[in-house]
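What follows is model_11.txt (compact mmCIF, N, CA and C atoms).
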```txt
# COMPACT_ATOMS: atom_id res chain seq x y z
N MET A 1 15.23 10.30 -1.33
CA MET A 1 13.86 9.98 -1.66
C MET A 1 13.32 9.01 -0.60
N THR A 2 12.18 9.35 0.00
CA THR A 2 11.61 8.49 1.04
C THR A 2 10.98 7.25 0.41
N VAL A 3 10.77 6.25 1.24
CA VAL A 3 10.12 5.02 0.79
C VAL A 3 8.74 5.34 0.22
N PHE A 4 8.00 6.19 0.91
CA PHE A 4 6.65 6.53 0.46
C PHE A 4 6.68 7.28 -0.86
N TYR A 5 7.59 8.23 -0.99
CA TYR A 5 7.69 9.00 -2.23
C TYR A 5 7.98 8.06 -3.39
N ARG A 6 8.95 7.19 -3.20
CA ARG A 6 9.33 6.27 -4.28
C ARG A 6 8.17 5.34 -4.63
N LEU A 7 7.50 4.78 -3.64
CA LEU A 7 6.38 3.88 -3.88
C LEU A 7 5.27 4.58 -4.65
N ILE A 8 4.87 5.75 -4.18
CA ILE A 8 3.79 6.49 -4.84
C ILE A 8 4.20 6.88 -6.25
N LYS A 9 5.41 7.40 -6.41
CA LYS A 9 5.90 7.82 -7.73
C LYS A 9 5.94 6.64 -8.69
N ASP A 10 6.46 5.51 -8.25
CA ASP A 10 6.56 4.33 -9.11
C ASP A 10 5.19 3.83 -9.55
N ILE A 11 4.24 3.79 -8.62
CA ILE A 11 2.91 3.29 -8.96
C ILE A 11 2.18 4.30 -9.86
N LEU A 12 2.32 5.59 -9.58
CA LEU A 12 1.73 6.60 -10.45
C LEU A 12 2.29 6.51 -11.87
N SER A 13 3.58 6.21 -11.98
CA SER A 13 4.22 6.15 -13.30
C SER A 13 3.66 5.00 -14.14
N GLN A 14 2.97 4.07 -13.50
CA GLN A 14 2.36 2.95 -14.21
C GLN A 14 0.93 3.26 -14.64
N GLY A 15 0.47 4.47 -14.36
CA GLY A 15 -0.86 4.87 -14.79
C GLY A 15 -1.96 4.61 -13.77
N PHE A 16 -1.59 4.19 -12.58
CA PHE A 16 -2.57 3.95 -11.53
C PHE A 16 -2.92 5.25 -10.83
N HIS A 17 -4.14 5.32 -10.32
CA HIS A 17 -4.51 6.37 -9.38
C HIS A 17 -4.11 5.84 -8.01
N VAL A 18 -3.52 6.68 -7.18
CA VAL A 18 -3.07 6.26 -5.86
C VAL A 18 -3.83 7.02 -4.78
N ALA A 19 -4.33 6.29 -3.80
CA ALA A 19 -4.94 6.89 -2.62
C ALA A 19 -4.12 6.43 -1.42
N VAL A 20 -3.76 7.37 -0.55
CA VAL A 20 -2.95 7.07 0.63
C VAL A 20 -3.79 7.32 1.87
N LYS A 21 -3.85 6.30 2.72
CA LYS A 21 -4.55 6.41 4.01
C LYS A 21 -3.48 6.39 5.10
N PRO A 22 -3.10 7.58 5.62
CA PRO A 22 -2.10 7.62 6.70
C PRO A 22 -2.61 6.96 7.98
N HIS A 23 -1.69 6.45 8.75
CA HIS A 23 -2.02 5.91 10.07
C HIS A 23 -2.46 7.08 10.95
N PRO A 24 -3.44 6.88 11.85
CA PRO A 24 -3.90 7.98 12.71
C PRO A 24 -2.78 8.66 13.51
N ARG A 25 -1.71 7.94 13.83
CA ARG A 25 -0.62 8.54 14.60
C ARG A 25 0.44 9.20 13.72
N ASP A 26 0.30 9.09 12.38
CA ASP A 26 1.28 9.72 11.49
C ASP A 26 1.22 11.24 11.61
N ASN A 27 2.37 11.85 11.50
CA ASN A 27 2.47 13.30 11.45
C ASN A 27 1.80 13.79 10.16
N GLU A 28 0.98 14.83 10.27
CA GLU A 28 0.26 15.33 9.10
C GLU A 28 1.19 15.72 7.95
N LYS A 29 2.36 16.23 8.28
CA LYS A 29 3.29 16.67 7.24
C LYS A 29 3.93 15.51 6.47
N LYS A 30 3.88 14.32 7.04
CA LYS A 30 4.53 13.16 6.42
C LYS A 30 4.04 12.96 4.97
N PHE A 31 2.75 13.10 4.76
CA PHE A 31 2.21 12.91 3.43
C PHE A 31 1.80 14.21 2.75
N SER A 32 1.52 15.25 3.52
CA SER A 32 1.11 16.50 2.88
C SER A 32 2.25 17.09 2.05
N ASP A 33 3.49 16.94 2.52
CA ASP A 33 4.64 17.40 1.73
C ASP A 33 4.76 16.62 0.43
N LEU A 34 4.52 15.30 0.49
CA LEU A 34 4.54 14.49 -0.72
C LEU A 34 3.42 14.89 -1.66
N HIS A 35 2.26 15.19 -1.06
CA HIS A 35 1.09 15.55 -1.84
C HIS A 35 1.33 16.83 -2.63
N ASP A 36 2.20 17.69 -2.15
CA ASP A 36 2.53 18.92 -2.87
C ASP A 36 3.29 18.63 -4.16
N ASN A 37 3.98 17.48 -4.23
CA ASN A 37 4.82 17.16 -5.38
C ASN A 37 4.30 16.02 -6.25
N LEU A 38 3.36 15.24 -5.75
CA LEU A 38 2.82 14.10 -6.50
C LEU A 38 1.30 14.19 -6.53
N ASP A 39 0.69 13.71 -7.61
CA ASP A 39 -0.75 13.78 -7.78
C ASP A 39 -1.42 12.51 -7.30
N PHE A 40 -1.79 12.48 -6.02
CA PHE A 40 -2.49 11.34 -5.45
C PHE A 40 -3.54 11.83 -4.47
N THR A 41 -4.47 10.96 -4.14
CA THR A 41 -5.52 11.29 -3.18
C THR A 41 -5.02 11.00 -1.78
N LEU A 42 -5.11 12.00 -0.92
CA LEU A 42 -4.70 11.85 0.46
C LEU A 42 -5.96 11.75 1.32
N LEU A 43 -6.21 10.56 1.85
CA LEU A 43 -7.39 10.34 2.69
C LEU A 43 -7.13 10.91 4.08
N GLU A 44 -8.19 11.16 4.81
CA GLU A 44 -8.08 11.69 6.17
C GLU A 44 -7.42 10.66 7.08
N ARG A 45 -6.45 11.10 7.85
CA ARG A 45 -5.76 10.14 8.72
C ARG A 45 -6.66 9.68 9.87
N GLU A 46 -7.67 10.48 10.22
CA GLU A 46 -8.58 10.10 11.30
C GLU A 46 -9.56 9.01 10.88
N THR A 47 -9.74 8.82 9.58
CA THR A 47 -10.63 7.78 9.09
C THR A 47 -10.02 6.42 9.39
N LEU A 48 -10.79 5.53 9.96
CA LEU A 48 -10.31 4.18 10.22
C LEU A 48 -10.26 3.42 8.90
N ALA A 49 -9.20 2.67 8.69
CA ALA A 49 -9.08 1.88 7.46
C ALA A 49 -10.26 0.92 7.32
N GLU A 50 -10.74 0.41 8.45
CA GLU A 50 -11.87 -0.52 8.42
C GLU A 50 -13.16 0.14 7.93
N GLU A 51 -13.20 1.46 7.88
CA GLU A 51 -14.38 2.17 7.38
C GLU A 51 -14.36 2.32 5.86
N LEU A 52 -13.22 2.02 5.23
CA LEU A 52 -13.11 2.15 3.78
C LEU A 52 -13.81 1.00 3.09
N ASN A 53 -14.30 1.25 1.89
CA ASN A 53 -14.83 0.17 1.06
C ASN A 53 -13.65 -0.37 0.26
N TYR A 54 -13.10 -1.50 0.68
CA TYR A 54 -11.90 -2.04 0.05
C TYR A 54 -12.09 -2.28 -1.44
N TRP A 55 -13.32 -2.58 -1.84
CA TRP A 55 -13.58 -2.88 -3.25
C TRP A 55 -13.50 -1.64 -4.13
N ASP A 56 -13.33 -0.48 -3.55
CA ASP A 56 -13.08 0.74 -4.34
C ASP A 56 -11.66 0.76 -4.89
N TYR A 57 -10.83 -0.20 -4.47
CA TYR A 57 -9.40 -0.20 -4.82
C TYR A 57 -9.03 -1.50 -5.53
N ASP A 58 -8.26 -1.36 -6.60
CA ASP A 58 -7.80 -2.54 -7.35
C ASP A 58 -6.77 -3.33 -6.56
N LEU A 59 -5.92 -2.62 -5.86
CA LEU A 59 -4.81 -3.23 -5.14
C LEU A 59 -4.58 -2.43 -3.87
N ILE A 60 -4.37 -3.12 -2.76
CA ILE A 60 -4.09 -2.43 -1.50
C ILE A 60 -2.67 -2.78 -1.09
N VAL A 61 -1.87 -1.74 -0.90
CA VAL A 61 -0.47 -1.89 -0.50
C VAL A 61 -0.37 -1.44 0.94
N ASN A 62 0.27 -2.25 1.78
CA ASN A 62 0.39 -1.90 3.20
C ASN A 62 1.78 -2.26 3.69
N PHE A 63 2.09 -1.79 4.89
CA PHE A 63 3.37 -2.06 5.52
C PHE A 63 3.20 -2.91 6.77
N GLY A 64 2.30 -3.87 6.72
CA GLY A 64 2.08 -4.73 7.88
C GLY A 64 0.99 -4.21 8.78
N SER A 65 -0.15 -3.91 8.20
CA SER A 65 -1.27 -3.35 8.94
C SER A 65 -2.16 -4.46 9.50
N SER A 66 -2.66 -4.24 10.71
CA SER A 66 -3.61 -5.20 11.28
C SER A 66 -4.94 -5.16 10.53
N THR A 67 -5.15 -4.15 9.70
CA THR A 67 -6.37 -4.06 8.89
C THR A 67 -6.49 -5.25 7.95
N ILE A 68 -5.39 -5.92 7.68
CA ILE A 68 -5.44 -7.11 6.82
C ILE A 68 -6.45 -8.11 7.36
N MET A 69 -6.55 -8.24 8.68
CA MET A 69 -7.51 -9.18 9.26
C MET A 69 -8.93 -8.82 8.84
N ASP A 70 -9.25 -7.52 8.85
CA ASP A 70 -10.59 -7.09 8.44
C ASP A 70 -10.78 -7.32 6.94
N MET A 71 -9.77 -6.99 6.14
CA MET A 71 -9.88 -7.19 4.69
C MET A 71 -10.20 -8.65 4.37
N LEU A 72 -9.46 -9.55 4.98
CA LEU A 72 -9.67 -10.98 4.73
C LEU A 72 -11.00 -11.44 5.30
N ASP A 73 -11.40 -10.92 6.46
CA ASP A 73 -12.66 -11.29 7.10
C ASP A 73 -13.87 -10.94 6.24
N VAL A 74 -13.80 -9.81 5.52
CA VAL A 74 -14.92 -9.40 4.68
C VAL A 74 -14.82 -9.96 3.27
N GLY A 75 -13.79 -10.77 3.03
CA GLY A 75 -13.68 -11.45 1.75
C GLY A 75 -12.90 -10.72 0.67
N PHE A 76 -12.16 -9.68 1.04
CA PHE A 76 -11.34 -9.01 0.03
C PHE A 76 -10.27 -10.00 -0.44
N PRO A 77 -10.06 -10.12 -1.76
CA PRO A 77 -9.13 -11.14 -2.27
C PRO A 77 -7.69 -10.92 -1.79
N PRO A 78 -7.09 -11.93 -1.15
CA PRO A 78 -5.73 -11.78 -0.63
C PRO A 78 -4.69 -11.53 -1.73
N ASP A 79 -4.99 -11.94 -2.97
CA ASP A 79 -4.03 -11.70 -4.05
C ASP A 79 -4.06 -10.24 -4.51
N ARG A 80 -4.96 -9.44 -3.92
CA ARG A 80 -5.00 -8.00 -4.20
C ARG A 80 -4.49 -7.18 -3.02
N ILE A 81 -3.84 -7.86 -2.06
CA ILE A 81 -3.22 -7.18 -0.91
C ILE A 81 -1.72 -7.42 -1.00
N LEU A 82 -0.98 -6.35 -1.10
CA LEU A 82 0.48 -6.43 -1.19
C LEU A 82 1.08 -5.87 0.09
N THR A 83 1.79 -6.71 0.82
CA THR A 83 2.41 -6.30 2.08
C THR A 83 3.89 -6.06 1.86
N ILE A 84 4.33 -4.84 2.11
CA ILE A 84 5.75 -4.51 2.04
C ILE A 84 6.30 -4.75 3.44
N ASP A 85 7.06 -5.81 3.56
CA ASP A 85 7.50 -6.29 4.88
C ASP A 85 8.97 -5.94 5.10
N LEU A 86 9.23 -4.69 5.37
CA LEU A 86 10.60 -4.23 5.57
C LEU A 86 11.20 -4.72 6.88
N ILE A 87 10.35 -5.06 7.84
CA ILE A 87 10.86 -5.50 9.16
C ILE A 87 10.66 -7.00 9.39
N LYS A 88 10.29 -7.72 8.34
CA LYS A 88 10.11 -9.18 8.40
C LYS A 88 9.06 -9.61 9.43
N ILE A 89 7.98 -8.83 9.51
CA ILE A 89 6.91 -9.16 10.45
C ILE A 89 6.21 -10.46 10.07
N SER A 90 6.23 -10.79 8.78
CA SER A 90 5.54 -12.01 8.34
C SER A 90 6.19 -13.26 8.91
N ASN A 91 7.43 -13.16 9.37
CA ASN A 91 8.07 -14.30 10.02
C ASN A 91 7.46 -14.58 11.39
N ARG A 92 6.87 -13.55 12.01
CA ARG A 92 6.31 -13.68 13.36
C ARG A 92 4.78 -13.70 13.38
N VAL A 93 4.16 -13.11 12.36
CA VAL A 93 2.70 -12.99 12.33
C VAL A 93 2.19 -13.65 11.04
N PRO A 94 1.73 -14.88 11.12
CA PRO A 94 1.40 -15.67 9.94
C PRO A 94 0.32 -15.10 9.02
N ILE A 95 -0.57 -14.25 9.54
CA ILE A 95 -1.66 -13.74 8.69
C ILE A 95 -1.13 -12.99 7.47
N TYR A 96 0.04 -12.38 7.60
CA TYR A 96 0.60 -11.64 6.47
C TYR A 96 0.97 -12.55 5.32
N LYS A 97 1.25 -13.81 5.61
CA LYS A 97 1.61 -14.77 4.56
C LYS A 97 0.43 -15.09 3.66
N LYS A 98 -0.77 -14.70 4.05
CA LYS A 98 -1.94 -14.89 3.19
C LYS A 98 -1.97 -13.84 2.08
N THR A 99 -1.18 -12.78 2.23
CA THR A 99 -1.12 -11.71 1.23
C THR A 99 0.13 -11.92 0.37
N LYS A 100 0.28 -11.08 -0.65
CA LYS A 100 1.51 -11.09 -1.42
C LYS A 100 2.54 -10.29 -0.62
N ILE A 101 3.68 -10.89 -0.37
CA ILE A 101 4.69 -10.24 0.46
C ILE A 101 5.90 -9.87 -0.38
N CYS A 102 6.40 -8.68 -0.16
CA CYS A 102 7.69 -8.30 -0.74
C CYS A 102 8.53 -7.74 0.40
N TYR A 103 9.81 -8.00 0.33
CA TYR A 103 10.70 -7.64 1.43
C TYR A 103 11.53 -6.40 1.14
N GLY A 104 11.27 -5.74 0.04
CA GLY A 104 11.98 -4.52 -0.30
C GLY A 104 11.23 -3.77 -1.37
N MET A 105 11.55 -2.51 -1.52
CA MET A 105 10.84 -1.66 -2.47
C MET A 105 10.98 -2.15 -3.91
N ASP A 106 12.14 -2.69 -4.27
CA ASP A 106 12.32 -3.15 -5.65
C ASP A 106 11.38 -4.29 -6.00
N GLU A 107 10.98 -5.05 -5.01
CA GLU A 107 10.08 -6.17 -5.25
C GLU A 107 8.65 -5.74 -5.53
N VAL A 108 8.26 -4.54 -5.13
CA VAL A 108 6.88 -4.09 -5.32
C VAL A 108 6.52 -4.12 -6.80
N LEU A 109 7.30 -3.43 -7.62
CA LEU A 109 6.99 -3.40 -9.04
C LEU A 109 7.21 -4.75 -9.70
N GLN A 110 8.17 -5.53 -9.20
CA GLN A 110 8.39 -6.88 -9.74
C GLN A 110 7.14 -7.74 -9.55
N ILE A 111 6.56 -7.69 -8.36
CA ILE A 111 5.35 -8.46 -8.08
C ILE A 111 4.19 -7.93 -8.92
N MET A 112 4.05 -6.63 -9.00
CA MET A 112 2.97 -6.05 -9.79
C MET A 112 3.12 -6.42 -11.27
N ARG A 113 4.35 -6.46 -11.74
CA ARG A 113 4.62 -6.83 -13.14
C ARG A 113 4.33 -8.33 -13.34
N LYS A 114 4.81 -9.17 -12.43
CA LYS A 114 4.62 -10.63 -12.53
C LYS A 114 3.14 -10.98 -12.55
N ASP A 115 2.35 -10.27 -11.77
CA ASP A 115 0.91 -10.54 -11.70
C ASP A 115 0.10 -9.74 -12.71
N ASN A 116 0.80 -9.14 -13.66
CA ASN A 116 0.18 -8.38 -14.75
C ASN A 116 -0.61 -7.15 -14.29
N TRP A 117 -0.24 -6.61 -13.12
CA TRP A 117 -0.83 -5.33 -12.70
C TRP A 117 -0.23 -4.21 -13.52
N ILE A 118 1.04 -4.38 -13.91
CA ILE A 118 1.70 -3.38 -14.74
C ILE A 118 2.42 -4.10 -15.88
N THR A 119 2.65 -3.39 -16.96
CA THR A 119 3.29 -4.01 -18.12
C THR A 119 4.51 -3.24 -18.61
N LYS A 120 4.80 -2.09 -18.00
CA LYS A 120 5.96 -1.31 -18.44
C LYS A 120 6.85 -0.99 -17.26
N ASP A 121 8.08 -0.59 -17.54
CA ASP A 121 9.00 -0.21 -16.47
C ASP A 121 8.69 1.19 -15.98
N ALA A 122 8.96 1.42 -14.70
CA ALA A 122 8.78 2.76 -14.12
C ALA A 122 9.82 3.69 -14.71
N ASP A 123 9.43 4.97 -14.83
CA ASP A 123 10.37 5.97 -15.37
C ASP A 123 11.45 6.26 -14.37
```
So, in terms of structure tokens, how does the structure I just supplied come out?
Amino acid sequence: MTVFYRLIKDILSQGFHVAVKPHPRDNEKKFSDLHDNLDFTLLERETLAEELNYWDYDLIVNFGSSTIMDMLDVGFPPDRILTIDLIKISNRVPIYKKTKICYGMDEVLQIMRKDNWITKDAD
């Protein structure tokens, strides 16, 4: 099970709608194969993240995106940005410390549960 599949599946199991914005350099099949098996919105990879209306989303989960600078600049609440820091980028780039950071997939649901984003365990 890929990191993305597990993340999307776990969040969907909590009753959230999930929208995925692939990086422009991502292979199209990376998420289209997942989309065949999971019910989520797949945004166009050519769309710049900075063009999205962040307020359309309750929570934004990222893997260390520079878009965080734009989110914070326009006033999107940092407590609604969850950074999955698998490569420990927050140790080198301080802006990520303004967001909620988790260092592994198991921490994602723990943080969401602690902050009352979810109230039940994933299936």
Find the residue from A:Leu34, A:Ile11, A:Val61, A:Ala19 that sits nearest to A:Leu82; use only N, CA and C atoms when measuring.
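Nearest candidate to A:Leu82 out of A:Leu34, A:Ile11, A:Val61, A:Ala19: A:Val61.
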Is it possible to get the residues within 8 Å of (-2.0, -12.8, 3.6) (coordinates as in the file, counting only N, CA and C atoms) written as number ranges by chain?
A: 68, 72, 78-79, 81, 83, 94-101
Point-to-point distance from atom CA of A:Asn91 to atom N of A:Asn53, Å rounded to tenths:
28.4 Å
Any idea what the distance is between atom C of A:Asp58 and atom C of A:Lys21?
15.5 Å
Please return as a list in words: the residues of stretch 16-68 of chain A that backbone DSSP assigns to alpha helix (DSSP H).
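Of stretch 16-68 of chain A, the ones in alpha helix (DSSP H) are Glu28, Lys29, Lys30, Phe31, Ser32, Asp33, Leu34, His35, Asp36, Asn37, Thr67 and Ile68 of chain A.
The space between atom N of A:Phe76 and atom N of A:Tyr54 spans 8.2 Å.
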Would you return as a ChimeraX atom specification the members of chain A that DSSP assigns to strand (DSSP E) on this structure's backbone?
/A:19-20,41-42,60-62,81-84,100-102
Counting only C-alpha atoms, what is within 12 Å of A:His23, bar same-chain residues fewer than 2 positions away, as an NGL selection string?
:A and (20-21 or 25-28 or 30-31 or 42-50 or 62-67)
Find the residue from A:Tyr57, A:Met105, A:His17, A:Ile87 that sits nearest to A:Phe4; use only C-alpha atoms when measuring.
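Under the stated criterion, the closest residue is A:Met105.
With all atoms listed in the file as the atoms that count, the residue of A:Met69, A:Cys102, A:Leu38, A:Ile111 with the shortest distance to A:Asp85 is A:Cys102.
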